[in-house]
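Trainee: My questions will all concern the structure given below.
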Amino acid sequence: MIALLWILLAALTGDAALGRSTAVTPDRPLVAGQLCPPALTRLVAATLCGLVLLTTSLYGYAWLAGRFLAGRVHPLLAANLATLLFPVLPLLFGRRPQFRRPQRPQIYYLAVLLLFVWVAWLLGGYPLHQTNGRLAAGLSVFSDYAPHTALVSSFAKGQNIPSDYPHFAGAGLRWHALFYVLCGNLHYLGLPLAWAINLSSAIGTVAAFVLLGTFAEVWSGRRAAFCLAPTLLLLRSSFAVFAWLGSGRLEIRGFIGRQPHDDWGLWTLNVYANQRHFLFGFALALLILLWLLPLLRQGASPTGGWHAPTRWRPLLPAVCLAAALPWWHGSVAVALLMILFVMGLFSYAKFVHLLTALATGIGTVLGGFLFLPIRRPEAWYQTAAALSQAQADYATGWHWGFLATDRSVPGVLAYLVELTGLALPLIIVAAVLCFVRRRADDRWRGLLAASFLLPTLFAFCISLTPDITVNHKYIMMTLMFGSLPIADLLLQLWHVKHQGADARLCGMPAHLPVRLLTRALAVCLALVLTATGMVDLFSYRYMNRGHVEINLDSELTRWLEEETRPREILLTPPWHYHAFFLSGRLSWYGHGYYAWSAGYNTAARHEELLRIWRGEWASWADAYGWFRERGIRYVIVDDSLRSNPEYEVDEAWFEEAGVAVAYFPADQNAVVYRIEG
């Protein structure tokens, strides 16, 4: 109950912040040209702003509490109290409340909103739920939930602030983790773990669809776009369905496609179910673009100067959200900067876009102070070194071709065509049509449509992480943003005029009665665009009928919570989706892939780990010194480790080096050793 009140408080705080900074009210639209009820977009914007404002402030306060009140009070308790003092109370009571009669709901928007809520459940509650004391995760998503559930539990139960990565303790947290701070705080305030994650992601999912639909209405001027654009986002475009149909094996046993990692569901709605913070970050990017859109619509030419906007206050929320975005979703922040760069070149007020970009950079650096490992509050100089090391570990550099097996230009183009189907060609066509028509009102649409292609270009040229596969999010964002011009193009074909000299086709003359033909073309294009996505929907549901479960009442978890310190670091088997992490405790080396893909130096630690499990020490003093230096007091050995040929565990050494303090037959005969030296 307290967690739900916290969300309500965040929404009220966001509404108060918007009321102080913008002219948007429940009676006025968020952006000129929207057709959906202003109260709906106001509610979405207020909730997003409130959650971002409160959660970002919360982590800052918790970081201070973790530094200066470590062990005396839970950082989240102190942070929640401090957040009430600022910014909640000043914003809520600093202005007179305004009450308005609620608007009469419109049946169309209510029905579409219910559809969005169902999609939020499909992406959240369907693959992750708690029943009968078990946390069940679907087969296509459970591997990604390993670091996510570990992060949430580490914030709620492990007091993991200042933060470490639960699968790679002692090296800081190189992760856009604020979404999971939000989930962790809701879990700390009383929501079950699955509910904390699902409710947070549901808010982001519904917000992303509402804002995308609103943007599509502004783009096309038609109500149907409110539902069509999110549908195109959800049901991806690809020619994979035709390869699947041609194979003759039409049974659905997994994700379709013949390109590398298609069997992972790398391009499907499975990504939104896996990465719960993706749509939340995308919603923030949409909100920023909607706030800055009027500046582009005023200028939309390279002659637009460095004029100051007539009103600064309405733009302040966009700048603040841009500063926080890198730590809600870093890839979305990078893609947004590319789009804002194009907008800034042609905007009426270029300085605002420069300020937004600077805010994003400053937010990234400030987040580095909070998340990268600084052992003493006064040692700020360590941050610069940590940032440099992080950059080196990420192996940033040129990487042409992404996952294409043939990296020649024709091979890459063929890969893109099969991967994205008609989507990329239609985005290009929409942009060209906007420029060909040469109408002032179309110019900004053409510029934005062209800018949406930049994330895909980036994905095929630059790698920011050791695993190039994670660049798939940039290509997906091209298609997600690209649903705006595609939806507009389909609706133009559907609504083409056909009478006499007034006949128009995509804004150009059409002197023949072609309405039936253009409508048939629109339907055919829509079917080709969504066919693969519809098959993916069945694949997703089929694969997540089965679940991997964690015992929420595990004896091992209960013992860890009762007998060890909240920030305890343990030497464990290479666990991933495991009950151990629900205790909030940290593993010095858990499952290696998650840490490796996030940029940690796993190779060196893995070599060290092999030596540790084999008990290869020069002396007892060296062994005890190693454990003390890393803050490890407990070691866990279970059957999965004993039978793993990679590690060759010398358990007798640990029996001599420490004391067996707990034994759990139900948890694969796990034994906990306390190192005594």
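Letters A, B, ... go to the chains of the structure tokens in the order shown; residues in each chain start at 1; ligands are counted from 1 in the same order.
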Would you mind listing what lies within 7 Å of segment 206-223 of chain A as number ranges by chain, with only C-alpha atoms counted and same-chain residues fewer than 4 positions away left out?
Mentor: A: 33-36, 44, 116-117, 120, 202, 227, 229-230, 279-280, 282-283, 286-287, 484, 488
Trainee: Skipping near chain neighbours, those fewer than 2 positions away, what residues fall within 10 Å of segment 433-439 of chain A using only C-alpha atoms, listed as a ChimeraX atom specification?
Mentor: /A:427-431,441-447,449,485,489,506-508
Trainee: Taking only C-alpha atoms into account, which of A:Ala603, A:Leu233, A:Leu321, A:Leu12 comes nearest Thr356 of chain A?
Mentor: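 With only C-alpha atoms as the atom set, the closest residue is A:Leu321.
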Trainee: Could you give me, as a PyMOL selection string, the residues within 12 Å of Leu336 of chain A, counting only C-alpha atoms and dropping anything in the same chain fewer than 2 positions from it?
Mentor: chain A and resi 281-289+292+318+321-323+325-326+329-334+338-344+353+356-357+360+448+451-455+474+477-478+481
Trainee: Could you please take those selected residues and save C-alpha atoms as an mmCIF file, in the first residue's frame?
Mentor:
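The new file selection_34.cif reads:
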data_model
loop_
_atom_site.group_PDB
_atom_site.id
_atom_site.type_symbol
_atom_site.label_atom_id
_atom_site.label_comp_id
_atom_site.auth_asym_id
_atom_site.auth_seq_id
_atom_site.Cartn_x
_atom_site.Cartn_y
_atom_site.Cartn_z
ATOM 1 C CA GLY A 281 13.424 5.172 -21.554
ATOM 2 C CA PHE A 282 11.768 5.385 -24.985
ATOM 3 C CA ALA A 283 8.789 7.163 -23.377
ATOM 4 C CA LEU A 284 11.163 9.721 -21.839
ATOM 5 C CA ALA A 285 12.776 10.323 -25.246
ATOM 6 C CA LEU A 286 9.355 10.828 -26.860
ATOM 7 C CA LEU A 287 8.378 13.309 -24.160
ATOM 8 C CA ILE A 288 11.582 15.302 -24.712
ATOM 9 C CA LEU A 289 11.033 15.349 -28.482
ATOM 10 C CA LEU A 292 11.197 20.482 -28.331
ATOM 11 C CA ALA A 318 12.912 18.484 -21.297
ATOM 12 C CA LEU A 321 14.739 14.659 -18.256
ATOM 13 C CA ALA A 322 17.625 14.647 -20.747
ATOM 14 C CA ALA A 323 20.091 14.957 -17.860
ATOM 15 C CA LEU A 325 17.971 9.784 -19.228
ATOM 16 C CA PRO A 326 21.472 8.202 -19.566
ATOM 17 C CA HIS A 329 18.511 3.896 -20.513
ATOM 18 C CA GLY A 330 21.869 4.758 -22.045
ATOM 19 C CA SER A 331 21.156 3.506 -25.583
ATOM 20 C CA VAL A 332 17.985 5.590 -25.796
ATOM 21 C CA ALA A 333 20.001 8.629 -24.682
ATOM 22 C CA VAL A 334 22.571 8.043 -27.455
ATOM 23 C CA MET A 338 21.511 11.849 -32.794
ATOM 24 C CA ILE A 339 17.938 12.966 -33.485
ATOM 25 C CA LEU A 340 18.374 16.170 -31.476
ATOM 26 C CA PHE A 341 21.511 16.941 -33.474
ATOM 27 C CA VAL A 342 19.502 17.031 -36.701
ATOM 28 C CA MET A 343 16.702 18.963 -35.025
ATOM 29 C CA GLY A 344 19.220 21.460 -33.675
ATOM 30 C CA HIS A 353 19.224 21.765 -28.318
ATOM 31 C CA THR A 356 19.807 19.651 -23.856
ATOM 32 C CA ALA A 357 22.844 17.820 -25.234
ATOM 33 C CA THR A 360 22.769 14.773 -21.152
ATOM 34 C CA LEU A 448 12.725 13.954 -38.428
ATOM 35 C CA SER A 451 17.106 11.643 -38.487
ATOM 36 C CA PHE A 452 15.405 8.401 -37.409
ATOM 37 C CA LEU A 453 17.812 6.531 -39.727
ATOM 38 C CA LEU A 454 20.897 7.701 -37.824
ATOM 39 C CA PRO A 455 20.708 5.126 -34.970
ATOM 40 C CA TYR A 474 19.681 1.237 -32.047
ATOM 41 C CA MET A 477 14.805 2.498 -32.192
ATOM 42 C CA THR A 478 14.966 3.464 -35.860
ATOM 43 C CA PHE A 481 10.550 6.117 -34.162
#
Trainee: For the atom pair atom CA of Trp328 of chain A and atom CA of Ser140 of chain A, what is the interatomic distance in Å to one decimal place?
Mentor: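 Going from atom CA of Trp328 of chain A over to atom CA of Ser140 of chain A, I get 23.4 Å.
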Trainee: In segment 424-653 of chain A, what's alpha helix (DSSP H) per DSSP? Answer as a PDB file with C-alpha atoms, in the first residue's frame?
Mentor:
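Listing of selection_15.pdb after writing:
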ATOM      1  CA  LEU A 424      13.385   1.226 -43.807  1.00  0.00           C
ATOM      2  CA  PRO A 425      12.352   1.781 -47.454  1.00  0.00           C
ATOM      3  CA  LEU A 426       9.047   3.310 -46.327  1.00  0.00           C
ATOM      4  CA  ILE A 427      10.794   5.636 -43.861  1.00  0.00           C
ATOM      5  CA  ILE A 428      13.041   6.817 -46.709  1.00  0.00           C
ATOM      6  CA  VAL A 429      10.038   7.202 -49.045  1.00  0.00           C
ATOM      7  CA  ALA A 430       8.162   9.213 -46.405  1.00  0.00           C
ATOM      8  CA  ALA A 431      11.154  11.524 -45.941  1.00  0.00           C
ATOM      9  CA  VAL A 432      11.605  12.003 -49.701  1.00  0.00           C
ATOM     10  CA  LEU A 433       7.906  12.771 -50.210  1.00  0.00           C
ATOM     11  CA  CYS A 434       8.055  15.419 -47.504  1.00  0.00           C
ATOM     12  CA  PHE A 435      10.952  17.161 -49.255  1.00  0.00           C
ATOM     13  CA  VAL A 436       9.498  16.736 -52.767  1.00  0.00           C
ATOM     14  CA  ARG A 437       6.258  18.446 -51.802  1.00  0.00           C
ATOM     15  CA  ALA A 440       6.796  24.361 -45.059  1.00  0.00           C
ATOM     16  CA  ASP A 441       4.647  22.164 -42.828  1.00  0.00           C
ATOM     17  CA  ASP A 442       6.144  18.994 -44.341  1.00  0.00           C
ATOM     18  CA  ARG A 443       9.773  20.021 -43.957  1.00  0.00           C
ATOM     19  CA  TRP A 444      10.012  19.205 -40.265  1.00  0.00           C
ATOM     20  CA  ARG A 445       8.491  15.780 -40.907  1.00  0.00           C
ATOM     21  CA  GLY A 446      11.093  15.032 -43.560  1.00  0.00           C
ATOM     22  CA  LEU A 447      13.925  16.138 -41.287  1.00  0.00           C
ATOM     23  CA  LEU A 448      12.725  13.954 -38.428  1.00  0.00           C
ATOM     24  CA  ALA A 449      12.114  10.946 -40.688  1.00  0.00           C
ATOM     25  CA  ALA A 450      15.680  11.257 -42.002  1.00  0.00           C
ATOM     26  CA  SER A 451      17.106  11.643 -38.487  1.00  0.00           C
ATOM     27  CA  LEU A 454      20.897   7.701 -37.824  1.00  0.00           C
ATOM     28  CA  PRO A 455      20.708   5.126 -34.970  1.00  0.00           C
ATOM     29  CA  THR A 456      20.804   2.308 -37.543  1.00  0.00           C
ATOM     30  CA  LEU A 457      23.819   3.876 -39.255  1.00  0.00           C
ATOM     31  CA  PHE A 458      25.483   4.133 -35.841  1.00  0.00           C
ATOM     32  CA  ALA A 459      24.716   0.470 -35.052  1.00  0.00           C
ATOM     33  CA  HIS A 472      20.378  -4.142 -31.945  1.00  0.00           C
ATOM     34  CA  LYS A 473      18.570  -1.599 -29.755  1.00  0.00           C
ATOM     35  CA  TYR A 474      19.681   1.237 -32.047  1.00  0.00           C
ATOM     36  CA  ILE A 475      18.195  -0.514 -35.075  1.00  0.00           C
ATOM     37  CA  MET A 476      15.036  -1.186 -33.122  1.00  0.00           C
ATOM     38  CA  MET A 477      14.805   2.498 -32.192  1.00  0.00           C
ATOM     39  CA  THR A 478      14.966   3.464 -35.860  1.00  0.00           C
ATOM     40  CA  LEU A 479      11.945   1.219 -36.421  1.00  0.00           C
ATOM     41  CA  MET A 480      10.212   2.442 -33.257  1.00  0.00           C
ATOM     42  CA  PHE A 481      10.550   6.117 -34.162  1.00  0.00           C
ATOM     43  CA  GLY A 482      10.015   5.195 -37.811  1.00  0.00           C
ATOM     44  CA  SER A 483       6.500   3.976 -37.010  1.00  0.00           C
ATOM     45  CA  LEU A 484       5.518   7.681 -37.073  1.00  0.00           C
ATOM     46  CA  PRO A 485       6.190   8.401 -40.788  1.00  0.00           C
ATOM     47  CA  ILE A 486       5.106   4.880 -41.785  1.00  0.00           C
ATOM     48  CA  ALA A 487       1.738   5.272 -40.029  1.00  0.00           C
ATOM     49  CA  ASP A 488       1.308   8.644 -41.719  1.00  0.00           C
ATOM     50  CA  LEU A 489       2.111   7.165 -45.137  1.00  0.00           C
ATOM     51  CA  LEU A 490      -0.405   4.324 -44.693  1.00  0.00           C
ATOM     52  CA  LEU A 491      -3.122   6.738 -43.589  1.00  0.00           C
ATOM     53  CA  GLN A 492      -2.430   9.022 -46.553  1.00  0.00           C
ATOM     54  CA  LEU A 493      -2.952   6.055 -48.863  1.00  0.00           C
ATOM     55  CA  TRP A 494      -6.156   5.140 -47.068  1.00  0.00           C
ATOM     56  CA  ARG A 515      -9.267   5.297 -53.924  1.00  0.00           C
ATOM     57  CA  LEU A 516      -9.943   1.570 -53.930  1.00  0.00           C
ATOM     58  CA  LEU A 517      -6.500   0.835 -55.310  1.00  0.00           C
ATOM     59  CA  THR A 518      -4.724   2.997 -52.748  1.00  0.00           C
ATOM     60  CA  ARG A 519      -6.745   1.487 -49.915  1.00  0.00           C
ATOM     61  CA  ALA A 520      -5.891  -1.991 -51.126  1.00  0.00           C
ATOM     62  CA  LEU A 521      -2.239  -0.939 -51.299  1.00  0.00           C
ATOM     63  CA  ALA A 522      -2.418   0.432 -47.730  1.00  0.00           C
ATOM     64  CA  VAL A 523      -3.904  -2.833 -46.460  1.00  0.00           C
ATOM     65  CA  CYS A 524      -1.301  -4.933 -48.294  1.00  0.00           C
ATOM     66  CA  LEU A 525       1.548  -2.794 -46.964  1.00  0.00           C
ATOM     67  CA  ALA A 526       0.152  -3.022 -43.422  1.00  0.00           C
ATOM     68  CA  LEU A 527      -0.096  -6.815 -43.668  1.00  0.00           C
ATOM     69  CA  VAL A 528       3.467  -7.165 -44.975  1.00  0.00           C
ATOM     70  CA  LEU A 529       4.729  -4.769 -42.296  1.00  0.00           C
ATOM     71  CA  THR A 530       3.090  -6.681 -39.430  1.00  0.00           C
ATOM     72  CA  ALA A 531       3.103 -10.306 -40.642  1.00  0.00           C
ATOM     73  CA  THR A 532       6.403 -11.228 -38.982  1.00  0.00           C
ATOM     74  CA  GLY A 533       5.352  -9.465 -35.787  1.00  0.00           C
ATOM     75  CA  MET A 534       2.122 -11.452 -35.640  1.00  0.00           C
ATOM     76  CA  VAL A 535       4.044 -14.717 -35.914  1.00  0.00           C
ATOM     77  CA  ASP A 536       6.456 -13.417 -33.254  1.00  0.00           C
ATOM     78  CA  LEU A 537       3.485 -12.831 -30.956  1.00  0.00           C
ATOM     79  CA  PHE A 538       2.513 -16.488 -31.146  1.00  0.00           C
ATOM     80  CA  SER A 539       6.155 -17.535 -30.725  1.00  0.00           C
ATOM     81  CA  TYR A 540       6.496 -15.339 -27.651  1.00  0.00           C
ATOM     82  CA  ARG A 541       3.379 -16.761 -26.029  1.00  0.00           C
ATOM     83  CA  TYR A 542       4.366 -20.336 -26.896  1.00  0.00           C
ATOM     84  CA  MET A 543       7.883 -20.040 -25.501  1.00  0.00           C
ATOM     85  CA  GLU A 555      16.354 -21.718   3.316  1.00  0.00           C
ATOM     86  CA  LEU A 556      19.606 -20.437   1.841  1.00  0.00           C
ATOM     87  CA  THR A 557      18.053 -17.027   1.112  1.00  0.00           C
ATOM     88  CA  ARG A 558      16.499 -16.807   4.564  1.00  0.00           C
ATOM     89  CA  TRP A 559      19.799 -17.735   6.241  1.00  0.00           C
ATOM     90  CA  LEU A 560      21.701 -15.123   4.238  1.00  0.00           C
ATOM     91  CA  GLU A 561      19.220 -12.389   5.194  1.00  0.00           C
ATOM     92  CA  GLU A 562      19.380 -13.316   8.890  1.00  0.00           C
ATOM     93  CA  GLU A 563      23.028 -14.227   9.376  1.00  0.00           C
ATOM     94  CA  GLY A 592      30.124 -14.117 -16.400  1.00  0.00           C
ATOM     95  CA  TYR A 593      28.169 -13.096 -19.511  1.00  0.00           C
ATOM     96  CA  TYR A 594      26.215 -10.279 -17.868  1.00  0.00           C
ATOM     97  CA  ALA A 595      29.335  -8.653 -16.468  1.00  0.00           C
ATOM     98  CA  TRP A 596      31.312  -9.156 -19.692  1.00  0.00           C
ATOM     99  CA  SER A 597      28.614  -7.571 -21.888  1.00  0.00           C
ATOM    100  CA  THR A 602      35.860 -10.636 -16.571  1.00  0.00           C
ATOM    101  CA  ALA A 603      38.812 -12.422 -18.170  1.00  0.00           C
ATOM    102  CA  ALA A 604      41.278 -11.453 -15.440  1.00  0.00           C
ATOM    103  CA  ARG A 605      38.851 -12.233 -12.637  1.00  0.00           C
ATOM    104  CA  HIS A 606      37.924 -15.571 -14.205  1.00  0.00           C
ATOM    105  CA  GLU A 607      41.569 -16.664 -14.285  1.00  0.00           C
ATOM    106  CA  GLU A 608      41.874 -15.661 -10.662  1.00  0.00           C
ATOM    107  CA  LEU A 609      38.714 -17.591  -9.827  1.00  0.00           C
ATOM    108  CA  LEU A 610      40.047 -20.811 -11.333  1.00  0.00           C
ATOM    109  CA  ARG A 611      43.080 -20.602  -9.063  1.00  0.00           C
ATOM    110  CA  ILE A 612      40.913 -19.913  -6.015  1.00  0.00           C
ATOM    111  CA  TRP A 613      38.616 -22.906  -6.500  1.00  0.00           C
ATOM    112  CA  ARG A 614      41.607 -25.184  -6.944  1.00  0.00           C
ATOM    113  CA  TRP A 620      47.834 -19.598   4.177  1.00  0.00           C
ATOM    114  CA  ALA A 621      48.758 -15.956   4.754  1.00  0.00           C
ATOM    115  CA  ASP A 622      48.409 -15.220   1.028  1.00  0.00           C
ATOM    116  CA  ALA A 623      45.011 -16.912   0.940  1.00  0.00           C
ATOM    117  CA  TYR A 624      43.596 -15.063   3.952  1.00  0.00           C
ATOM    118  CA  GLY A 625      45.024 -11.779   2.697  1.00  0.00           C
ATOM    119  CA  TRP A 626      43.311 -12.252  -0.645  1.00  0.00           C
ATOM    120  CA  PHE A 627      39.900 -12.806   0.964  1.00  0.00           C
ATOM    121  CA  ARG A 628      40.333  -9.850   3.365  1.00  0.00           C
ATOM    122  CA  GLU A 629      41.375  -7.514   0.538  1.00  0.00           C
ATOM    123  CA  ASP A 639      26.477 -29.657  -6.447  1.00  0.00           C
ATOM    124  CA  SER A 640      26.395 -27.502  -9.572  1.00  0.00           C
ATOM    125  CA  LEU A 641      29.912 -26.313  -8.772  1.00  0.00           C
ATOM    126  CA  ARG A 642      31.185 -29.727  -7.682  1.00  0.00           C
ATOM    127  CA  GLU A 651      36.490 -28.430  -1.340  1.00  0.00           C
ATOM    128  CA  ALA A 652      38.846 -29.986   1.191  1.00  0.00           C
ATOM    129  CA  TRP A 653      40.937 -26.799   1.064  1.00  0.00           C
TER     130      TRP A 653
END
Trainee: So that I can check the secondary structure, give me every residue of segment 385-602 of chain A assigned strand (DSSP E) by backbone DSSP, as a ChimeraX atom specification.
Mentor: /A:397-398,462-463,504-505,508-509,547-551,569-571,586-587
Trainee: Only N, CA and C atoms, please: the residues just picked out, written as a short mmCIF file (atom, residue, chain, number, x, y, z; two decimals), in the first residue's frame.
Mentor:
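Result saved to part.cif:
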data_model
loop_
_atom_site.label_atom_id
_atom_site.label_comp_id
_atom_site.auth_asym_id
_atom_site.auth_seq_id
_atom_site.Cartn_x
_atom_site.Cartn_y
_atom_site.Cartn_z
N GLY A 397 34.89 1.65 -30.46
CA GLY A 397 35.63 1.78 -31.70
C GLY A 397 34.79 1.44 -32.92
N TRP A 398 35.44 1.49 -34.07
CA TRP A 398 34.79 1.22 -35.34
C TRP A 398 34.52 -0.28 -35.47
N ILE A 462 29.68 1.64 -35.20
CA ILE A 462 30.34 1.89 -33.92
C ILE A 462 29.91 0.85 -32.90
N SER A 463 30.86 0.40 -32.09
CA SER A 463 30.56 -0.48 -30.96
C SER A 463 30.94 0.23 -29.67
N ARG A 504 -5.96 13.83 -54.73
CA ARG A 504 -4.59 13.91 -54.20
C ARG A 504 -4.13 12.51 -53.81
N LEU A 505 -2.86 12.23 -54.03
CA LEU A 505 -2.22 10.99 -53.61
C LEU A 505 -0.90 11.35 -52.95
N MET A 508 0.09 14.80 -53.70
CA MET A 508 0.33 15.18 -55.10
C MET A 508 -0.91 14.83 -55.93
N PRO A 509 -1.09 15.47 -57.09
CA PRO A 509 -2.29 15.24 -57.89
C PRO A 509 -2.45 13.79 -58.31
N HIS A 547 8.16 -22.14 -17.57
CA HIS A 547 8.79 -21.18 -16.69
C HIS A 547 9.97 -21.80 -15.96
N VAL A 548 10.91 -20.95 -15.60
CA VAL A 548 11.98 -21.31 -14.66
C VAL A 548 11.64 -20.64 -13.34
N GLU A 549 11.64 -21.41 -12.28
CA GLU A 549 11.14 -20.90 -11.01
C GLU A 549 12.24 -20.79 -9.95
N ILE A 550 12.07 -19.80 -9.08
CA ILE A 550 12.93 -19.62 -7.91
C ILE A 550 12.06 -19.74 -6.67
N ASN A 551 12.57 -20.45 -5.70
CA ASN A 551 11.85 -20.58 -4.42
C ASN A 551 12.04 -19.31 -3.61
N ILE A 569 29.68 -9.64 0.49
CA ILE A 569 30.16 -10.20 -0.77
C ILE A 569 30.58 -11.64 -0.52
N LEU A 570 30.06 -12.55 -1.33
CA LEU A 570 30.36 -13.96 -1.15
C LEU A 570 31.00 -14.53 -2.42
N LEU A 571 31.81 -15.55 -2.22
CA LEU A 571 32.34 -16.32 -3.33
C LEU A 571 31.36 -17.45 -3.60
N LEU A 586 25.77 -10.04 -2.62
CA LEU A 586 26.52 -9.88 -3.85
C LEU A 586 27.46 -11.05 -4.06
N SER A 587 27.63 -11.41 -5.32
CA SER A 587 28.58 -12.45 -5.68
C SER A 587 29.84 -11.81 -6.26
#
Trainee: From the options A:Gly615, A:Thr149, A:Ser643, A:Ala45, which residue's atoms come nearest to Glu655 of chain A, counting only C-alpha atoms?
Mentor: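 For Glu655 of chain A, the nearest of the candidates is A:Gly615.
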Trainee: Quick one, how far is atom CA of Leu372 of chain A from atom CA of Gly170 of chain A?
Mentor: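 Interatomic distance here is 10.0 Å.
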